[in-house]
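*Asks:* The structure that follows is given in the form of structure tokens.
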Amino acid sequence: MSNLIIIAAIGRNGELGKENDLIWRTKEDMQFFKEKTTNHYIVMGRKTFESLPKKLPNRIHIVLTKSNQSFPEDVICLNSIEEFLAYVKDIDDDVYIIGGAQIYKELMAYANMMYLTEFDEICNEADVFFPQIDQLLWDNEITHNYSESKPKYLRKLYTRK
């Protein structure tokens with residue numbers, strides 16, 4: 001069975017995105033995302049796929065959608081969480097859950113790790129939010145503290161208890 005790993009950047013109140021785009025973008029965090037997800041599977045919803053400037057190189061794209069929209073031939077399109085779980089059951093690799101909010105919410109119960117970049121900022125214009133984290137189910141440790149950067153942020157690794 002594959003490792004299901006959530007990776008996201010969120011604000012102080014769980015802000016995740018605004019108008020189908022990231023709210024916070026730092027060079028270091030984008031590099032971290034690239035290092036973690038390259039040569040692995042990435043799963044996302046249709047809107048997240050559409051928000052990408054192009055297909056991300058050296059990654060296998062899985063899109064969860066109920067739409068009949070066509071996707072590039074090399075994008076794996078699945079129609080339900082059950083279909084996704086059956087598909088990844090025999091994959092012996094990390095599968096990164098990269099968004100959006102509904103995909104995070106639906107797959108959090110199946111994830112065994114989360115890399116969250118937590119910005120010490122609030123975005124009042126955010127229109128999507130990361131789901132609540134049940135602290136009884138997760139241990140977390142700060143892996144990096146960027147207190148000198150603007151904006152300030154932490155990176156935390158959450159592991160399922």
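Residue names in the structure tokens use chain letters A, B, ... in the order shown, residue numbers from 1 in each chain, and ligand numbers from 1 in the order shown.
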Mind checking DSSP for chain A and telling me the strand (DSSP E) residues as a VMD selection string?

*Replies:* chain A and resid 3 to 10 15 to 17 41 to 45 60 to 64 76 to 78 94 to 97 113 to 119 128 to 129 138 to 146 153 to 160

*Asks:* Neighbours of range 25-34 of chain A within 9 Å (only C-alpha atoms; same-chain residues fewer than 2 positions away dropped), as a list in words?

*Replies:*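 So the residues in contact are Ile7, Ala8, Ala9, Leu22, Ile23, Lys36, Thr37, Thr38, Leu56, Thr117, Pro151 and Arg155 of chain A.
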
*Asks:* Between A:Ile122, A:Val43, A:Ile60, A:Met113, which has the minimum distance to Leu137 in chain A (counting only C-alpha atoms)?

*Replies:*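 Smallest separation from Leu137 in chain A among the options: A:Met113.
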
*Asks:* Leaving out Phe84 in chain A and any residue of its chain fewer than 6 positions from it, which residues lie within 12 Å of it when counting only C-alpha atoms, given as an mmCIF file with all heavy atoms, in the first residue's frame?

*Replies:*
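result-v4.cif, written as the output of this step:
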```cif
data_model
loop_
_atom_site.group_PDB
_atom_site.id
_atom_site.type_symbol
_atom_site.label_atom_id
_atom_site.label_comp_id
_atom_site.auth_asym_id
_atom_site.auth_seq_id
_atom_site.Cartn_x
_atom_site.Cartn_y
_atom_site.Cartn_z
ATOM 1 N N SER A 2 0.473 2.225 -0.729
ATOM 2 C CA SER A 2 1.227 3.464 -0.813
ATOM 3 C C SER A 2 1.046 4.309 0.443
ATOM 4 O O SER A 2 0.093 4.140 1.189
ATOM 5 C CB SER A 2 0.752 4.248 -2.032
ATOM 6 O OG SER A 2 -0.641 4.452 -1.950
ATOM 7 N N LEU A 4 -0.055 7.718 1.758
ATOM 8 C CA LEU A 4 -0.861 8.856 1.325
ATOM 9 C C LEU A 4 -0.432 10.043 2.173
ATOM 10 O O LEU A 4 -0.567 10.027 3.399
ATOM 11 C CB LEU A 4 -2.351 8.579 1.496
ATOM 12 C CG LEU A 4 -2.934 7.500 0.592
ATOM 13 C CD1 LEU A 4 -4.425 7.335 0.857
ATOM 14 C CD2 LEU A 4 -2.695 7.829 -0.869
ATOM 15 N N TYR A 41 3.473 10.105 -7.379
ATOM 16 C CA TYR A 41 2.108 10.381 -7.790
ATOM 17 C C TYR A 41 1.626 11.632 -7.059
ATOM 18 O O TYR A 41 1.948 11.835 -5.884
ATOM 19 C CB TYR A 41 1.183 9.226 -7.400
ATOM 20 C CG TYR A 41 1.381 7.971 -8.208
ATOM 21 C CD1 TYR A 41 2.436 7.104 -7.945
ATOM 22 C CD2 TYR A 41 0.495 7.642 -9.231
ATOM 23 C CE1 TYR A 41 2.614 5.945 -8.684
ATOM 24 C CE2 TYR A 41 0.659 6.480 -9.973
ATOM 25 C CZ TYR A 41 1.720 5.644 -9.690
ATOM 26 O OH TYR A 41 1.887 4.500 -10.424
ATOM 27 N N ILE A 42 0.826 12.450 -7.746
ATOM 28 C CA ILE A 42 0.138 13.568 -7.103
ATOM 29 C C ILE A 42 -1.342 13.444 -7.440
ATOM 30 O O ILE A 42 -1.702 13.160 -8.581
ATOM 31 C CB ILE A 42 0.706 14.941 -7.511
ATOM 32 C CG1 ILE A 42 0.742 15.125 -9.027
ATOM 33 C CG2 ILE A 42 2.092 15.158 -6.902
ATOM 34 C CD1 ILE A 42 1.180 16.520 -9.486
ATOM 35 N N VAL A 43 -2.178 13.627 -6.438
ATOM 36 C CA VAL A 43 -3.626 13.546 -6.648
ATOM 37 C C VAL A 43 -4.241 14.887 -6.293
ATOM 38 O O VAL A 43 -3.840 15.538 -5.330
ATOM 39 C CB VAL A 43 -4.268 12.391 -5.846
ATOM 40 C CG1 VAL A 43 -4.072 12.552 -4.351
ATOM 41 C CG2 VAL A 43 -5.749 12.260 -6.175
ATOM 42 N N MET A 44 -5.213 15.278 -7.109
ATOM 43 C CA MET A 44 -5.839 16.588 -6.928
ATOM 44 C C MET A 44 -7.232 16.556 -7.521
ATOM 45 O O MET A 44 -7.574 15.660 -8.291
ATOM 46 C CB MET A 44 -5.008 17.662 -7.627
ATOM 47 C CG MET A 44 -5.045 17.566 -9.139
ATOM 48 S SD MET A 44 -3.567 18.172 -9.981
ATOM 49 C CE MET A 44 -2.497 16.756 -9.867
ATOM 50 N N GLY A 45 -8.007 17.578 -7.185
ATOM 51 C CA GLY A 45 -9.302 17.777 -7.805
ATOM 52 C C GLY A 45 -9.152 18.499 -9.132
ATOM 53 O O GLY A 45 -8.073 18.998 -9.482
ATOM 54 N N ILE A 62 -2.956 12.391 -10.986
ATOM 55 C CA ILE A 62 -4.266 11.761 -10.821
ATOM 56 C C ILE A 62 -5.249 12.886 -10.519
ATOM 57 O O ILE A 62 -5.017 13.685 -9.607
ATOM 58 C CB ILE A 62 -4.282 10.738 -9.667
ATOM 59 C CG1 ILE A 62 -3.263 9.612 -9.902
ATOM 60 C CG2 ILE A 62 -5.690 10.166 -9.478
ATOM 61 C CD1 ILE A 62 -3.105 8.657 -8.722
ATOM 62 N N VAL A 63 -6.335 12.945 -11.273
ATOM 63 C CA VAL A 63 -7.366 13.953 -11.033
ATOM 64 C C VAL A 63 -8.642 13.235 -10.609
ATOM 65 O O VAL A 63 -9.105 12.318 -11.297
ATOM 66 C CB VAL A 63 -7.619 14.813 -12.290
ATOM 67 C CG1 VAL A 63 -8.770 15.789 -12.049
ATOM 68 C CG2 VAL A 63 -6.355 15.556 -12.687
ATOM 69 N N LEU A 64 -9.174 13.661 -9.472
ATOM 70 C CA LEU A 64 -10.461 13.148 -9.004
ATOM 71 C C LEU A 64 -11.532 14.140 -9.442
ATOM 72 O O LEU A 64 -11.489 15.312 -9.065
ATOM 73 C CB LEU A 64 -10.477 13.019 -7.481
ATOM 74 C CG LEU A 64 -9.557 11.964 -6.885
ATOM 75 C CD1 LEU A 64 -9.620 11.991 -5.366
ATOM 76 C CD2 LEU A 64 -9.918 10.590 -7.395
ATOM 77 N N THR A 65 -12.474 13.669 -10.242
ATOM 78 C CA THR A 65 -13.521 14.554 -10.739
ATOM 79 C C THR A 65 -14.748 13.749 -11.137
ATOM 80 O O THR A 65 -14.632 12.602 -11.546
ATOM 81 C CB THR A 65 -13.028 15.374 -11.952
ATOM 82 O OG1 THR A 65 -14.060 16.263 -12.369
ATOM 83 C CG2 THR A 65 -12.605 14.491 -13.104
ATOM 84 N N ILE A 76 -4.337 10.477 -15.187
ATOM 85 C CA ILE A 76 -5.248 9.439 -14.713
ATOM 86 C C ILE A 76 -6.465 10.141 -14.119
ATOM 87 O O ILE A 76 -6.336 10.936 -13.188
ATOM 88 C CB ILE A 76 -4.561 8.547 -13.663
ATOM 89 C CG1 ILE A 76 -3.329 7.879 -14.280
ATOM 90 C CG2 ILE A 76 -5.532 7.525 -13.088
ATOM 91 C CD1 ILE A 76 -2.303 7.402 -13.269
ATOM 92 N N CYS A 77 -7.622 9.860 -14.662
ATOM 93 C CA CYS A 77 -8.857 10.507 -14.210
ATOM 94 C C CYS A 77 -9.720 9.470 -13.504
ATOM 95 O O CYS A 77 -10.070 8.439 -14.090
ATOM 96 C CB CYS A 77 -9.579 11.093 -15.412
ATOM 97 S SG CYS A 77 -10.995 12.085 -14.965
ATOM 98 N N LEU A 78 -10.018 9.733 -12.243
ATOM 99 C CA LEU A 78 -10.839 8.828 -11.445
ATOM 100 C C LEU A 78 -12.055 9.592 -10.940
ATOM 101 O O LEU A 78 -11.988 10.798 -10.702
ATOM 102 C CB LEU A 78 -10.027 8.249 -10.279
ATOM 103 C CG LEU A 78 -8.743 7.502 -10.686
ATOM 104 C CD1 LEU A 78 -7.918 7.129 -9.470
ATOM 105 C CD2 LEU A 78 -9.079 6.272 -11.507
ATOM 106 N N ASP A 90 -2.397 -0.942 -4.692
ATOM 107 C CA ASP A 90 -1.256 -1.777 -5.075
ATOM 108 C C ASP A 90 -0.031 -0.971 -5.497
ATOM 109 O O ASP A 90 0.942 -1.537 -5.988
ATOM 110 C CB ASP A 90 -1.669 -2.724 -6.206
ATOM 111 C CG ASP A 90 -2.748 -3.689 -5.758
ATOM 112 O OD1 ASP A 90 -2.688 -4.148 -4.598
ATOM 113 O OD2 ASP A 90 -3.656 -3.975 -6.555
ATOM 114 N N ILE A 91 -0.076 0.343 -5.319
ATOM 115 C CA ILE A 91 1.071 1.182 -5.661
ATOM 116 C C ILE A 91 2.027 1.204 -4.479
ATOM 117 O O ILE A 91 1.636 1.514 -3.357
ATOM 118 C CB ILE A 91 0.625 2.621 -6.015
ATOM 119 C CG1 ILE A 91 -0.197 2.615 -7.296
ATOM 120 C CG2 ILE A 91 1.824 3.549 -6.134
ATOM 121 C CD1 ILE A 91 -0.809 3.959 -7.633
ATOM 122 N N VAL A 95 2.114 8.785 -2.507
ATOM 123 C CA VAL A 95 1.097 9.495 -3.269
ATOM 124 C C VAL A 95 0.811 10.775 -2.493
ATOM 125 O O VAL A 95 0.369 10.735 -1.346
ATOM 126 C CB VAL A 95 -0.188 8.656 -3.437
ATOM 127 C CG1 VAL A 95 -1.265 9.455 -4.160
ATOM 128 C CG2 VAL A 95 0.111 7.349 -4.159
ATOM 129 N N ILE A 97 -1.186 14.169 -1.829
ATOM 130 C CA ILE A 97 -2.490 14.805 -1.982
ATOM 131 C C ILE A 97 -2.217 16.306 -1.995
ATOM 132 O O ILE A 97 -1.769 16.866 -0.997
ATOM 133 C CB ILE A 97 -3.415 14.406 -0.816
ATOM 134 C CG1 ILE A 97 -3.561 12.873 -0.752
ATOM 135 C CG2 ILE A 97 -4.769 15.110 -0.938
ATOM 136 C CD1 ILE A 97 -4.047 12.347 0.590
ATOM 137 N N ILE A 103 -10.793 17.762 -1.661
ATOM 138 C CA ILE A 103 -9.964 16.555 -1.761
ATOM 139 C C ILE A 103 -9.237 16.324 -0.433
ATOM 140 O O ILE A 103 -9.174 15.201 0.059
ATOM 141 C CB ILE A 103 -8.969 16.662 -2.937
ATOM 142 C CG1 ILE A 103 -9.713 16.826 -4.268
ATOM 143 C CG2 ILE A 103 -8.018 15.463 -2.964
ATOM 144 C CD1 ILE A 103 -10.645 15.689 -4.638
ATOM 145 N N GLU A 106 -11.817 14.966 2.045
ATOM 146 C CA GLU A 106 -12.241 13.586 1.783
ATOM 147 C C GLU A 106 -11.128 12.571 2.004
ATOM 148 O O GLU A 106 -11.394 11.431 2.371
ATOM 149 C CB GLU A 106 -12.803 13.471 0.372
ATOM 150 C CG GLU A 106 -14.117 14.217 0.210
ATOM 151 C CD GLU A 106 -14.730 14.031 -1.165
ATOM 152 O OE1 GLU A 106 -14.544 12.952 -1.766
ATOM 153 O OE2 GLU A 106 -15.391 14.971 -1.625
ATOM 154 N N LEU A 107 -9.875 12.971 1.797
ATOM 155 C CA LEU A 107 -8.777 12.004 1.900
ATOM 156 C C LEU A 107 -8.017 12.069 3.221
ATOM 157 O O LEU A 107 -7.181 11.202 3.490
ATOM 158 C CB LEU A 107 -7.813 12.171 0.723
ATOM 159 C CG LEU A 107 -8.363 11.737 -0.631
ATOM 160 C CD1 LEU A 107 -7.356 12.003 -1.737
ATOM 161 C CD2 LEU A 107 -8.762 10.259 -0.616
ATOM 162 N N TYR A 110 -7.648 8.964 5.251
ATOM 163 C CA TYR A 110 -6.822 7.888 4.701
ATOM 164 C C TYR A 110 -5.332 8.229 4.698
ATOM 165 O O TYR A 110 -4.502 7.353 4.485
ATOM 166 C CB TYR A 110 -7.273 7.571 3.264
ATOM 167 C CG TYR A 110 -8.725 7.217 3.193
ATOM 168 C CD1 TYR A 110 -9.673 8.165 2.796
ATOM 169 C CD2 TYR A 110 -9.174 5.948 3.555
ATOM 170 C CE1 TYR A 110 -11.020 7.850 2.750
ATOM 171 C CE2 TYR A 110 -10.517 5.633 3.508
ATOM 172 C CZ TYR A 110 -11.435 6.589 3.107
ATOM 173 O OH TYR A 110 -12.771 6.274 3.075
#
```

*Asks:* If you run DSSP on the backbone, which residues of range 10-69 of chain A are helix (DSSP H, G or I), as a VMD selection string?

*Replies:* chain A and resid 27 to 37 46 to 51

*Asks:* In terms of the shortest atom-to-atom distance over only C-alpha atoms, which of A:Glu73, A:Glu15, A:Glu82, A:Asp93 is closest to Glu121 in chain A?

*Replies:* A:Glu15

*Asks:* What gap, in Å, lies between CA of Phe49 in chain A and CA of Asn13 in chain A?

*Replies:*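 These atoms are spaced 24.2 Å apart.
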
*Asks:* With only C-alpha atoms as the atoms that count, which of A:Ser51, A:Asn58, A:Ser80, A:Ser147 lies nearest to Gly17 in chain A?

*Replies:* A:Ser51

*Asks:* Between CA of Pro72 in chain A and CA of Gln102 in chain A, what distance in Å does the model show, to one decimal?

*Replies:*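 So the answer is 22.5 Å.
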
*Asks:* Mind pulling up the distance from CA of Glu19 in chain A to CA of Asn112 in chain A?

*Replies:*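 Calculated distance between CA of Asn112 in chain A and CA of Glu19 in chain A is 28.9 Å.
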
*Asks:* Could you check the closest approach to Asp139 in chain A for each of A:Arg160, A:Arg46, A:His40, A:Lys18 and tell me which residue wins, using only C-alpha atoms?

*Replies:*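 Smallest separation from Asp139 in chain A among the options: A:Arg160.
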
*Asks:* Neighbours of Asn140 in chain A within 8 Å (only C-alpha atoms; same-chain residues fewer than 6 positions away dropped), as JSON, numbers by chain?

*Replies:* {"A": [156, 157, 158, 159]}

*Asks:* Okay, now the selection with C-alpha atoms, as an mmCIF file, in the first residue's frame?

*Replies:*
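Final file, part.cif:
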```
data_model
loop_
_atom_site.group_PDB
_atom_site.id
_atom_site.type_symbol
_atom_site.label_atom_id
_atom_site.label_comp_id
_atom_site.auth_asym_id
_atom_site.auth_seq_id
_atom_site.Cartn_x
_atom_site.Cartn_y
_atom_site.Cartn_z
ATOM 1 C CA LYS A 156 5.261 20.857 10.423
ATOM 2 C CA LEU A 157 5.263 17.135 9.830
ATOM 3 C CA TYR A 158 2.090 15.461 11.066
ATOM 4 C CA THR A 159 2.078 11.694 11.518
#
```
